[in-house]
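Structure file query.txt (compact mmCIF, C-alpha atoms and all ligand atoms) follows.
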# COMPACT_ATOMS: atom_id res chain seq x y z
CA MET A 962 -6.05 -10.56 -28.44
CA ALA A 963 -5.46 -7.27 -30.23
CA LYS A 964 -7.99 -5.65 -27.89
CA VAL A 965 -6.15 -6.89 -24.78
CA ALA A 966 -2.83 -5.69 -26.18
CA LYS A 967 -4.34 -2.24 -26.75
CA ILE A 968 -5.68 -2.03 -23.19
CA ASP A 969 -2.30 -3.13 -21.82
CA GLU A 970 -0.57 -0.43 -23.84
CA THR A 971 -3.01 2.26 -22.60
CA ASN A 972 -2.46 1.09 -19.00
CA ARG A 973 1.29 1.18 -19.40
CA LYS A 974 1.24 4.73 -20.76
CA GLN A 975 -1.06 5.94 -17.96
CA LEU A 976 1.14 4.33 -15.34
CA SER A 977 4.28 5.77 -16.83
CA ALA A 978 2.82 9.30 -16.86
CA MET A 979 1.50 8.97 -13.31
CA ASN A 980 4.84 7.63 -12.12
CA SER A 981 6.87 10.56 -13.42
CA ALA A 982 4.39 13.18 -12.15
CA THR A 983 4.15 11.68 -8.65
CA LEU A 984 7.90 11.11 -8.33
CA ALA A 985 8.64 14.72 -9.33
CA ARG A 986 6.23 15.96 -6.67
CA ILE A 987 7.62 13.68 -3.97
CA ARG A 988 11.24 14.59 -4.71
CA ALA A 989 10.34 18.28 -4.34
CA ASP A 990 8.72 17.71 -0.94
CA ASP A 991 11.01 18.71 1.96
CA SER A 992 9.26 16.43 4.45
CA VAL A 993 10.17 13.34 2.40
CA GLN A 994 13.25 11.22 3.15
CA VAL A 995 14.67 9.10 0.34
CA LEU A 996 15.24 5.55 1.59
CA SER A 997 16.16 4.10 -1.81
CA ASP A 998 16.20 5.70 -5.24
CA ASP A 999 18.07 3.08 -7.18
CA GLY A 1000 15.98 0.21 -8.53
CA LEU A 1001 13.49 0.46 -5.71
CA GLN A 1002 11.97 3.93 -5.20
CA LEU A 1003 11.21 4.01 -1.50
CA PHE A 1004 10.49 7.10 0.57
CA GLY A 1005 9.64 7.84 4.20
CA ILE A 1006 8.01 10.58 6.27
CA PRO A 1007 8.30 10.50 10.07
CA ASP A 1008 5.29 11.66 12.11
CA PHE A 1009 2.91 11.57 9.16
CA PHE A 1010 0.11 10.65 11.56
CA SER A 1011 -0.04 12.03 15.11
CA ALA A 1012 -0.10 9.76 18.18
CA GLU A 1013 -3.84 10.50 18.59
CA GLU A 1014 -4.53 9.59 14.97
CA CYS A 1015 -2.60 6.31 15.33
CA GLU A 1016 -4.54 5.49 18.50
CA ARG A 1017 -7.87 6.17 16.85
CA LEU A 1018 -6.96 4.05 13.82
CA MET A 1019 -5.92 1.11 16.00
CA GLU A 1020 -9.32 1.19 17.70
CA MET A 1021 -10.99 1.23 14.29
CA ILE A 1022 -8.86 -1.69 13.10
CA ASP A 1023 -9.83 -3.75 16.14
CA MET A 1024 -13.48 -3.26 15.13
CA VAL A 1025 -13.08 -4.36 11.48
CA ALA A 1026 -10.12 -6.75 11.50
CA ARG A 1027 -10.80 -10.34 10.45
CA PRO A 1028 -8.42 -13.09 9.32
CA SER A 1029 -6.96 -11.68 6.10
CA PRO A 1030 -8.68 -12.96 2.99
CA VAL A 1031 -6.48 -13.89 0.09
CA PHE A 1032 -9.40 -14.12 -2.30
CA GLN A 1033 -9.46 -10.73 -3.92
CA VAL A 1034 -5.77 -10.40 -4.35
CA ASP A 1035 -4.36 -13.86 -4.59
CA TYR A 1036 -0.97 -13.46 -2.98
CA GLY A 1037 -0.82 -17.21 -2.55
CA ARG A 1038 -2.06 -19.52 0.13
CA GLN A 1039 -1.18 -18.48 3.67
CA ALA A 1040 0.92 -15.56 2.42
CA ARG A 1041 -0.76 -13.19 4.82
CA THR A 1042 -1.59 -14.37 8.29
CA SER A 1043 -2.48 -11.02 9.87
CA PHE A 1044 -5.98 -9.73 10.62
CA SER A 1045 -7.18 -7.07 8.20
CA GLY A 1046 -10.16 -4.99 7.19
CA ASP A 1047 -11.10 -1.92 5.16
CA LEU A 1048 -11.94 1.18 7.17
CA ASN A 1049 -15.16 3.07 6.48
CA HIS A 1050 -14.49 5.33 3.49
CA ASN A 1051 -17.45 7.56 4.44
CA ASP A 1052 -16.03 8.30 7.87
CA PRO A 1053 -14.87 11.98 7.91
CA PHE A 1054 -11.76 11.11 9.91
CA VAL A 1055 -10.75 8.38 7.42
CA ARG A 1056 -11.44 10.74 4.52
CA SER A 1057 -9.25 13.44 6.05
CA LEU A 1058 -6.36 10.95 6.17
CA HIS A 1059 -7.10 9.86 2.60
CA ARG A 1060 -6.84 13.49 1.52
CA ARG A 1061 -3.51 13.96 3.27
CA MET A 1062 -2.14 10.95 1.39
CA ASP A 1063 -3.68 12.10 -1.92
CA ASP A 1064 -1.97 15.48 -1.49
CA LEU A 1065 1.37 13.81 -1.04
CA LEU A 1066 1.07 12.15 -4.44
CA GLY A 1067 -0.92 14.95 -6.03
CA VAL A 1068 -3.65 12.66 -7.33
CA ASP A 1069 -7.44 12.65 -7.04
CA GLU A 1070 -8.96 10.67 -4.20
CA GLN A 1071 -10.65 8.35 -6.72
CA PHE A 1072 -7.23 6.87 -7.53
CA GLY A 1073 -6.87 5.58 -3.98
CA GLU A 1074 -8.28 2.39 -2.49
CA THR A 1075 -9.93 2.69 0.91
CA LEU A 1076 -7.47 2.66 3.79
CA GLN A 1077 -6.95 -0.93 4.87
CA GLY A 1078 -5.98 -1.76 8.44
CA GLN A 1079 -3.91 -4.74 9.51
CA ARG A 1080 -3.05 -6.19 12.89
CA TYR A 1081 -0.29 -8.79 13.23
CA GLU A 1082 -0.03 -10.81 16.39
CA VAL A 1083 2.98 -12.85 17.53
CA GLY A 1084 4.08 -15.20 14.71
CA GLN A 1085 1.94 -13.47 12.09
CA GLU A 1086 3.54 -12.14 8.92
CA PHE A 1087 3.07 -11.22 5.29
CA LYS A 1088 5.43 -13.34 3.20
CA PRO A 1089 7.45 -11.78 0.33
CA HIS A 1090 5.17 -10.52 -2.43
CA HIS A 1091 4.55 -7.69 -4.88
CA ASP A 1092 1.51 -5.43 -4.48
CA TRP A 1093 1.11 -5.52 -8.25
CA PHE A 1094 -2.03 -7.39 -9.39
CA ASP A 1095 -1.50 -10.65 -11.21
CA THR A 1096 -3.45 -10.03 -14.42
CA SER A 1097 -3.63 -13.76 -15.18
CA GLN A 1098 -5.91 -14.30 -12.15
CA ASP A 1099 -9.71 -14.35 -12.34
CA TYR A 1100 -10.12 -11.33 -10.03
CA TRP A 1101 -8.46 -9.16 -12.66
CA LYS A 1102 -11.41 -9.64 -15.06
CA GLY A 1103 -13.86 -7.81 -12.78
CA ASP A 1104 -13.83 -4.55 -10.80
CA VAL A 1105 -10.16 -4.80 -10.03
CA ALA A 1106 -9.20 -4.21 -13.67
CA SER A 1107 -11.36 -1.08 -13.94
CA GLY A 1108 -8.97 0.99 -11.81
CA GLY A 1109 -5.88 -0.42 -13.43
CA GLN A 1110 -2.77 -1.51 -11.63
CA ARG A 1111 -1.56 -0.58 -8.17
CA ALA A 1112 0.87 2.19 -8.98
CA TRP A 1113 1.79 3.23 -5.43
CA THR A 1114 1.73 1.76 -1.95
CA LEU A 1115 1.50 4.11 1.05
CA MET A 1116 1.74 2.48 4.45
CA VAL A 1117 1.78 3.98 7.96
CA TYR A 1118 2.99 2.18 11.09
CA LEU A 1119 0.71 2.88 14.01
CA ASN A 1120 2.57 1.49 17.01
CA GLU A 1121 5.86 0.39 18.48
CA VAL A 1122 6.49 -3.35 18.07
CA GLU A 1123 8.55 -4.90 20.86
CA GLU A 1124 10.38 -7.24 18.49
CA GLY A 1125 10.08 -8.16 14.81
CA GLY A 1126 7.57 -6.89 12.29
CA ASN A 1127 10.03 -5.02 10.06
CA THR A 1128 9.12 -4.44 6.43
CA ASP A 1129 11.86 -6.08 4.38
CA PHE A 1130 12.75 -5.29 0.78
CA PRO A 1131 15.13 -8.19 0.02
CA LYS A 1132 16.05 -7.08 -3.53
CA ALA A 1133 17.13 -3.67 -2.22
CA ASN A 1134 18.64 -4.99 1.02
CA ILE A 1135 16.48 -2.68 3.12
CA SER A 1136 14.68 -3.49 6.33
CA VAL A 1137 12.36 -0.83 7.78
CA PRO A 1138 11.51 -1.11 11.49
CA PRO A 1139 8.00 -0.05 12.50
CA GLN A 1140 7.95 3.45 14.03
CA PRO A 1141 4.62 4.87 15.14
CA GLY A 1142 3.26 7.54 12.80
CA THR A 1143 5.93 6.96 10.12
CA LEU A 1144 4.77 6.62 6.53
CA ILE A 1145 6.68 4.65 3.94
CA MET A 1146 5.76 4.64 0.28
CA TRP A 1147 7.08 3.09 -2.86
CA SER A 1148 6.30 3.15 -6.56
CA ASN A 1149 5.36 -0.27 -7.90
CA VAL A 1150 6.03 0.94 -11.42
CA LEU A 1151 9.11 1.50 -13.57
CA ALA A 1152 9.54 4.67 -15.66
CA ASP A 1153 8.09 2.83 -18.68
CA GLY A 1154 4.95 1.82 -16.73
CA LYS A 1155 5.91 -1.83 -16.33
CA PRO A 1156 6.02 -3.53 -12.91
CA ASN A 1157 9.13 -2.97 -10.80
CA MET A 1158 10.22 -6.38 -9.53
CA ASP A 1159 12.57 -4.72 -7.01
CA THR A 1160 9.48 -3.83 -4.96
CA LEU A 1161 9.37 -7.37 -3.56
CA HIS A 1162 8.65 -6.95 0.17
CA ALA A 1163 7.53 -8.77 3.28
CA GLY A 1164 6.02 -7.96 6.66
CA THR A 1165 8.36 -10.10 8.78
CA PRO A 1166 6.91 -12.08 11.70
CA VAL A 1167 6.10 -10.26 14.90
CA VAL A 1168 8.28 -11.85 17.61
CA LYS A 1169 7.01 -9.90 20.60
CA GLY A 1170 4.10 -7.48 20.93
CA VAL A 1171 1.60 -6.59 18.22
CA LYS A 1172 1.90 -4.60 14.99
CA TYR A 1173 -0.73 -2.29 13.50
CA VAL A 1174 -0.45 -0.69 10.05
CA VAL A 1175 -2.72 1.02 7.56
CA THR A 1176 -2.17 0.86 3.82
CA ARG A 1177 -3.60 2.83 0.94
CA TRP A 1178 -2.87 1.61 -2.58
CA TYR A 1179 -3.17 3.95 -5.53
CA ARG A 1180 -4.30 2.76 -8.93
CA GLY A 1181 -3.16 3.92 -12.32
CA ARG A 1182 -6.49 5.70 -12.91
CA ARG A 1183 -9.73 6.60 -11.16
CA TRP A 1184 -11.48 3.41 -10.17
CA TYR A 1185 -14.86 4.69 -8.92
O1 LIG A 1201 3.15 -5.11 7.19
C1 LIG A 1201 4.06 -4.85 6.42
O2 LIG A 1201 5.16 -4.48 6.84
C2 LIG A 1201 3.86 -5.02 4.95
C3 LIG A 1201 2.42 -5.03 4.54
C4 LIG A 1201 2.21 -5.26 3.09
O3 LIG A 1201 3.11 -5.60 2.38
C5 LIG A 1201 0.89 -5.07 2.45
O4 LIG A 1201 -0.09 -4.82 3.16
O5 LIG A 1201 0.80 -5.16 1.21
FE FE A 1202 2.52 -5.51 0.27
Please go through the file and, once you have read it, give me the structure as structure tokens.
Amino acid sequence: MAKVAKIDETNRKQLSAMNSATLARIRADDSVQVLSDDGLQLFGIPDFFSAEECERLMEMIDMVARPSPVFQVDYGRQARTSFSGDLNHNDPFVRSLHRRMDDLLGVDEQFGETLQGQRYEVGQEFKPHHDWFDTSQDYWKGDVASGGQRAWTLMVYLNEVEEGGNTDFPKANISVPPQPGTLIMWSNVLADGKPNMDTLHAGTPVVKGVKYVVTRWYRGRRWY
């Protein structure tokens, strides 16, 4: 018990330090728009990926996307109905995008999980959830714990959705419509390193068309 409490305390301190360093860097970046800085810390950058990059990523997603598993991160049964898959982290193109995202936060690439692609078809959605790992679940005992918590979420919309597919943050009363190439990012952590419950969010159902996104989550420490 004492051992677990000590690990938790180390994690919290790491997350707190990472949170203040990354937020300072982001706030000093002229390309960043502040979408919410009260409770939820949510930022956006238009045209983070070019049209060609979005196109190339959508082709890659179509090759790897399978019905989204909920095994590794147990968001709850049927929480995520999209198709998803990790992109190849050895692919030079994928790595160049990883590096661009790492630079934004100012952290080493080993903090970041491999870019994950998702495709939502009509009626598919990701119900309200936090990206924070549930440390009471079995998956937390294995590899997942070694990198610590998910401190940041960076997500890029790859295409125009005819209707639906917004990313909603119900606690902050914000709804972000998908815009091709636009990155949104939020800190999952409070200043003290504890989880920020105001990060609750959902990928709302696609009503018409299809929605493609890529997501890169950043851990509280190097995880490989
Ligand atoms: O598709 C969205 O708008 C949200 C996706 C999401 O929440 C996630 O992948 O964790
Ligand atoms: Fe999420």
Contacts of ligand LIG 1201 (chain A), 7 Å or closer, only C-alpha atoms and all ligand atoms, given as number ranges by chain: A: 1087, 1092, 1126-1128, 1162-1165, 1174, 1176
Go ahead and save the picked residues with C-alpha atoms, as a compact mmCIF listing (two decimals), in the frame of the given file.
# COMPACT_ATOMS: atom_id res chain seq x y z
CA PHE A 1087 3.07 -11.22 5.29
CA ASP A 1092 1.51 -5.43 -4.48
CA GLY A 1126 7.57 -6.89 12.29
CA ASN A 1127 10.03 -5.02 10.06
CA THR A 1128 9.12 -4.44 6.43
CA HIS A 1162 8.65 -6.95 0.17
CA ALA A 1163 7.53 -8.77 3.28
CA GLY A 1164 6.02 -7.96 6.66
CA THR A 1165 8.36 -10.10 8.78
CA VAL A 1174 -0.45 -0.69 10.05
CA THR A 1176 -2.17 0.86 3.82
Contacts of ligand FE 1202 (chain A), 12 Å or closer, all atoms listed in the file, given as a ChimeraX atom specification: /A:1034-1036,1040-1041,1077,1079,1086-1094,1111,1113-1116,1128-1130,1145-1149,1160-1165,1174-1178
Pick from A:Tyr1185, A:Lys964, A:Arg1061, A:Ala978, whichever lies nearest to Gly1108 in chain A using all atoms listed in the file: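 Nearest candidate to Gly1108 in chain A out of A:Tyr1185, A:Lys964, A:Arg1061, A:Ala978: A:Tyr1185.
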Residue neighbourhood Ala1012 in chain A, 9 Å, all atoms listed in the file, exclusion window fewer than 3 positions, as a VMD selection string: chain A and resid 1008 1015 to 1017 1119 to 1120 1141 to 1142
Given only C-alpha atoms as the counted atoms, nearest of A:Lys1132, A:Gln1110, A:Tyr1179, A:Lys1169 to Ile968 in chain A: A:Gln1110
Which residue of A:Thr1143, A:Asn1157, A:Lys974, A:Ile1135 approaches Ser997 in chain A most closely, using all atoms listed in the file: A:Ile1135
Top pick for closest residue to Glu1082 in chain A, considering A:Ala1026, A:Ile1006, A:Val993, A:Leu1065 and counting only C-alpha atoms: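 Smallest separation from Glu1082 in chain A among the options: A:Ala1026.
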Separation of CA of Tyr1100 in chain A from CA of Asp1153 in chain A in Å: 24.6 Å
Shell of 12 Å around Ala985 in chain A, all atoms listed in the file, local chain residues under 4 positions omitted, as a ChimeraX atom specification: /A:978-981,989-990,993,1065-1067,1152
Residue among A:Asp1063, A:Glu1013, A:Glu1123, A:Asp991 lying closest to Val1167 in chain A, counting all atoms listed in the file: A:Glu1123
Nearest residue to Glu1074 in chain A from the set A:Tyr1118, A:Val1055, A:Arg1180, A:Lys1155 (distances using only C-alpha atoms): A:Arg1180
Contacts of Gly1154 in chain A within 6 Å, only C-alpha atoms, excl. fewer than 2 positions in-chain, as a VMD selection string: chain A and resid 973 976 to 977 1150 to 1152
Shell around Gly1078 in chain A at 9 Å using all atoms listed in the file, local window under 4 positions removed, as number ranges by chain: A: 1018-1019, 1021-1023, 1025-1026, 1044-1048, 1173-1176
Two-atom distance - CA of Asp1069 in chain A, CA of Leu1001 in chain A (Å): 24.3 Å
Please output range 1097-1131 of chain A, rebuilt to include N, CA and C atoms, as a PDB file, in the frame of the given file.
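Resulting contents of out14.pdb:
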ATOM      1  N   SER A1097      -3.191 -12.450 -14.666  1.00  0.00           N
ATOM      2  CA  SER A1097      -3.630 -13.760 -15.180  1.00  0.00           C
ATOM      3  C   SER A1097      -4.714 -14.370 -14.285  1.00  0.00           C
ATOM      4  N   GLN A1098      -4.931 -13.740 -13.099  1.00  0.00           N
ATOM      5  CA  GLN A1098      -5.910 -14.300 -12.150  1.00  0.00           C
ATOM      6  C   GLN A1098      -7.332 -13.846 -12.484  1.00  0.00           C
ATOM      7  N   ASP A1099      -8.303 -14.648 -12.047  1.00  0.00           N
ATOM      8  CA  ASP A1099      -9.710 -14.350 -12.340  1.00  0.00           C
ATOM      9  C   ASP A1099     -10.156 -12.985 -11.805  1.00  0.00           C
ATOM     10  N   TYR A1100      -9.650 -12.586 -10.612  1.00  0.00           N
ATOM     11  CA  TYR A1100     -10.120 -11.330 -10.030  1.00  0.00           C
ATOM     12  C   TYR A1100      -9.842 -10.149 -10.947  1.00  0.00           C
ATOM     13  N   TRP A1101      -8.845 -10.278 -11.795  1.00  0.00           N
ATOM     14  CA  TRP A1101      -8.460  -9.160 -12.660  1.00  0.00           C
ATOM     15  C   TRP A1101      -9.528  -8.867 -13.727  1.00  0.00           C
ATOM     16  N   LYS A1102     -10.389  -9.840 -14.019  1.00  0.00           N
ATOM     17  CA  LYS A1102     -11.410  -9.640 -15.060  1.00  0.00           C
ATOM     18  C   LYS A1102     -12.538  -8.718 -14.592  1.00  0.00           C
ATOM     19  N   GLY A1103     -12.717  -8.577 -13.296  1.00  0.00           N
ATOM     20  CA  GLY A1103     -13.860  -7.810 -12.780  1.00  0.00           C
ATOM     21  C   GLY A1103     -13.484  -6.381 -12.417  1.00  0.00           C
ATOM     22  N   ASP A1104     -14.012  -5.934 -11.253  1.00  0.00           N
ATOM     23  CA  ASP A1104     -13.830  -4.550 -10.800  1.00  0.00           C
ATOM     24  C   ASP A1104     -12.365  -4.154 -10.693  1.00  0.00           C
ATOM     25  N   VAL A1105     -11.564  -5.124 -10.317  1.00  0.00           N
ATOM     26  CA  VAL A1105     -10.160  -4.800 -10.030  1.00  0.00           C
ATOM     27  C   VAL A1105      -9.515  -4.160 -11.257  1.00  0.00           C
ATOM     28  N   ALA A1106      -9.830  -4.712 -12.445  1.00  0.00           N
ATOM     29  CA  ALA A1106      -9.200  -4.210 -13.670  1.00  0.00           C
ATOM     30  C   ALA A1106      -9.638  -2.783 -13.981  1.00  0.00           C
ATOM     31  N   SER A1107     -10.830  -2.380 -13.526  1.00  0.00           N
ATOM     32  CA  SER A1107     -11.360  -1.080 -13.940  1.00  0.00           C
ATOM     33  C   SER A1107     -10.485   0.082 -13.426  1.00  0.00           C
ATOM     34  N   GLY A1108      -9.830  -0.088 -12.313  1.00  0.00           N
ATOM     35  CA  GLY A1108      -8.970   0.990 -11.810  1.00  0.00           C
ATOM     36  C   GLY A1108      -7.523   0.852 -12.270  1.00  0.00           C
ATOM     37  N   GLY A1109      -7.256  -0.201 -12.992  1.00  0.00           N
ATOM     38  CA  GLY A1109      -5.880  -0.420 -13.430  1.00  0.00           C
ATOM     39  C   GLY A1109      -5.001  -0.935 -12.300  1.00  0.00           C
ATOM     40  N   GLN A1110      -3.724  -0.925 -12.566  1.00  0.00           N
ATOM     41  CA  GLN A1110      -2.770  -1.510 -11.630  1.00  0.00           C
ATOM     42  C   GLN A1110      -2.546  -0.662 -10.371  1.00  0.00           C
ATOM     43  N   ARG A1111      -1.938  -1.294  -9.390  1.00  0.00           N
ATOM     44  CA  ARG A1111      -1.560  -0.580  -8.170  1.00  0.00           C
ATOM     45  C   ARG A1111      -0.225   0.118  -8.398  1.00  0.00           C
ATOM     46  N   ALA A1112      -0.320   1.417  -8.626  1.00  0.00           N
ATOM     47  CA  ALA A1112       0.870   2.190  -8.980  1.00  0.00           C
ATOM     48  C   ALA A1112       1.736   2.512  -7.748  1.00  0.00           C
ATOM     49  N   TRP A1113       1.080   2.842  -6.645  1.00  0.00           N
ATOM     50  CA  TRP A1113       1.790   3.230  -5.430  1.00  0.00           C
ATOM     51  C   TRP A1113       1.249   2.498  -4.219  1.00  0.00           C
ATOM     52  N   THR A1114       2.137   2.259  -3.254  1.00  0.00           N
ATOM     53  CA  THR A1114       1.730   1.760  -1.950  1.00  0.00           C
ATOM     54  C   THR A1114       2.153   2.769  -0.900  1.00  0.00           C
ATOM     55  N   LEU A1115       1.212   3.229  -0.085  1.00  0.00           N
ATOM     56  CA  LEU A1115       1.500   4.110   1.050  1.00  0.00           C
ATOM     57  C   LEU A1115       1.101   3.369   2.317  1.00  0.00           C
ATOM     58  N   MET A1116       2.025   3.248   3.239  1.00  0.00           N
ATOM     59  CA  MET A1116       1.740   2.480   4.450  1.00  0.00           C
ATOM     60  C   MET A1116       2.204   3.276   5.667  1.00  0.00           C
ATOM     61  N   VAL A1117       1.401   3.264   6.735  1.00  0.00           N
ATOM     62  CA  VAL A1117       1.780   3.980   7.960  1.00  0.00           C
ATOM     63  C   VAL A1117       1.785   2.989   9.127  1.00  0.00           C
ATOM     64  N   TYR A1118       2.895   2.990   9.861  1.00  0.00           N
ATOM     65  CA  TYR A1118       2.990   2.180  11.090  1.00  0.00           C
ATOM     66  C   TYR A1118       2.286   2.934  12.207  1.00  0.00           C
ATOM     67  N   LEU A1119       1.518   2.201  12.996  1.00  0.00           N
ATOM     68  CA  LEU A1119       0.710   2.880  14.010  1.00  0.00           C
ATOM     69  C   LEU A1119       1.226   2.703  15.436  1.00  0.00           C
ATOM     70  N   ASN A1120       2.108   1.725  15.637  1.00  0.00           N
ATOM     71  CA  ASN A1120       2.570   1.490  17.010  1.00  0.00           C
ATOM     72  C   ASN A1120       3.985   0.946  17.032  1.00  0.00           C
ATOM     73  N   GLU A1121       4.527   0.943  18.234  1.00  0.00           N
ATOM     74  CA  GLU A1121       5.860   0.390  18.480  1.00  0.00           C
ATOM     75  C   GLU A1121       5.706  -1.125  18.615  1.00  0.00           C
ATOM     76  N   VAL A1122       6.537  -1.885  17.937  1.00  0.00           N
ATOM     77  CA  VAL A1122       6.490  -3.350  18.070  1.00  0.00           C
ATOM     78  C   VAL A1122       7.690  -3.746  18.925  1.00  0.00           C
ATOM     79  N   GLU A1123       7.447  -4.568  19.941  1.00  0.00           N
ATOM     80  CA  GLU A1123       8.550  -4.900  20.860  1.00  0.00           C
ATOM     81  C   GLU A1123       9.691  -5.604  20.145  1.00  0.00           C
ATOM     82  N   GLU A1124       9.340  -6.553  19.258  1.00  0.00           N
ATOM     83  CA  GLU A1124      10.380  -7.240  18.490  1.00  0.00           C
ATOM     84  C   GLU A1124       9.784  -7.806  17.206  1.00  0.00           C
ATOM     85  N   GLY A1125      10.526  -7.633  16.110  1.00  0.00           N
ATOM     86  CA  GLY A1125      10.080  -8.160  14.810  1.00  0.00           C
ATOM     87  C   GLY A1125       9.137  -7.205  14.113  1.00  0.00           C
ATOM     88  N   GLY A1126       8.554  -7.683  13.005  1.00  0.00           N
ATOM     89  CA  GLY A1126       7.570  -6.890  12.290  1.00  0.00           C
ATOM     90  C   GLY A1126       8.144  -5.861  11.325  1.00  0.00           C
ATOM     91  N   ASN A1127       9.465  -5.949  11.043  1.00  0.00           N
ATOM     92  CA  ASN A1127      10.030  -5.020  10.060  1.00  0.00           C
ATOM     93  C   ASN A1127       9.426  -5.274   8.677  1.00  0.00           C
ATOM     94  N   THR A1128       9.471  -4.247   7.836  1.00  0.00           N
ATOM     95  CA  THR A1128       9.120  -4.440   6.430  1.00  0.00           C
ATOM     96  C   THR A1128      10.415  -4.605   5.665  1.00  0.00           C
ATOM     97  N   ASP A1129      10.616  -5.779   5.098  1.00  0.00           N
ATOM     98  CA  ASP A1129      11.860  -6.080   4.380  1.00  0.00           C
ATOM     99  C   ASP A1129      11.677  -5.937   2.874  1.00  0.00           C
ATOM    100  N   PHE A1130      12.690  -5.365   2.245  1.00  0.00           N
ATOM    101  CA  PHE A1130      12.750  -5.290   0.780  1.00  0.00           C
ATOM    102  C   PHE A1130      14.013  -6.053   0.369  1.00  0.00           C
ATOM    103  N   PRO A1131      13.916  -7.373   0.195  1.00  0.00           N
ATOM    104  CA  PRO A1131      15.130  -8.190   0.020  1.00  0.00           C
ATOM    105  C   PRO A1131      15.950  -7.848  -1.227  1.00  0.00           C
TER     106      PRO A1131
END
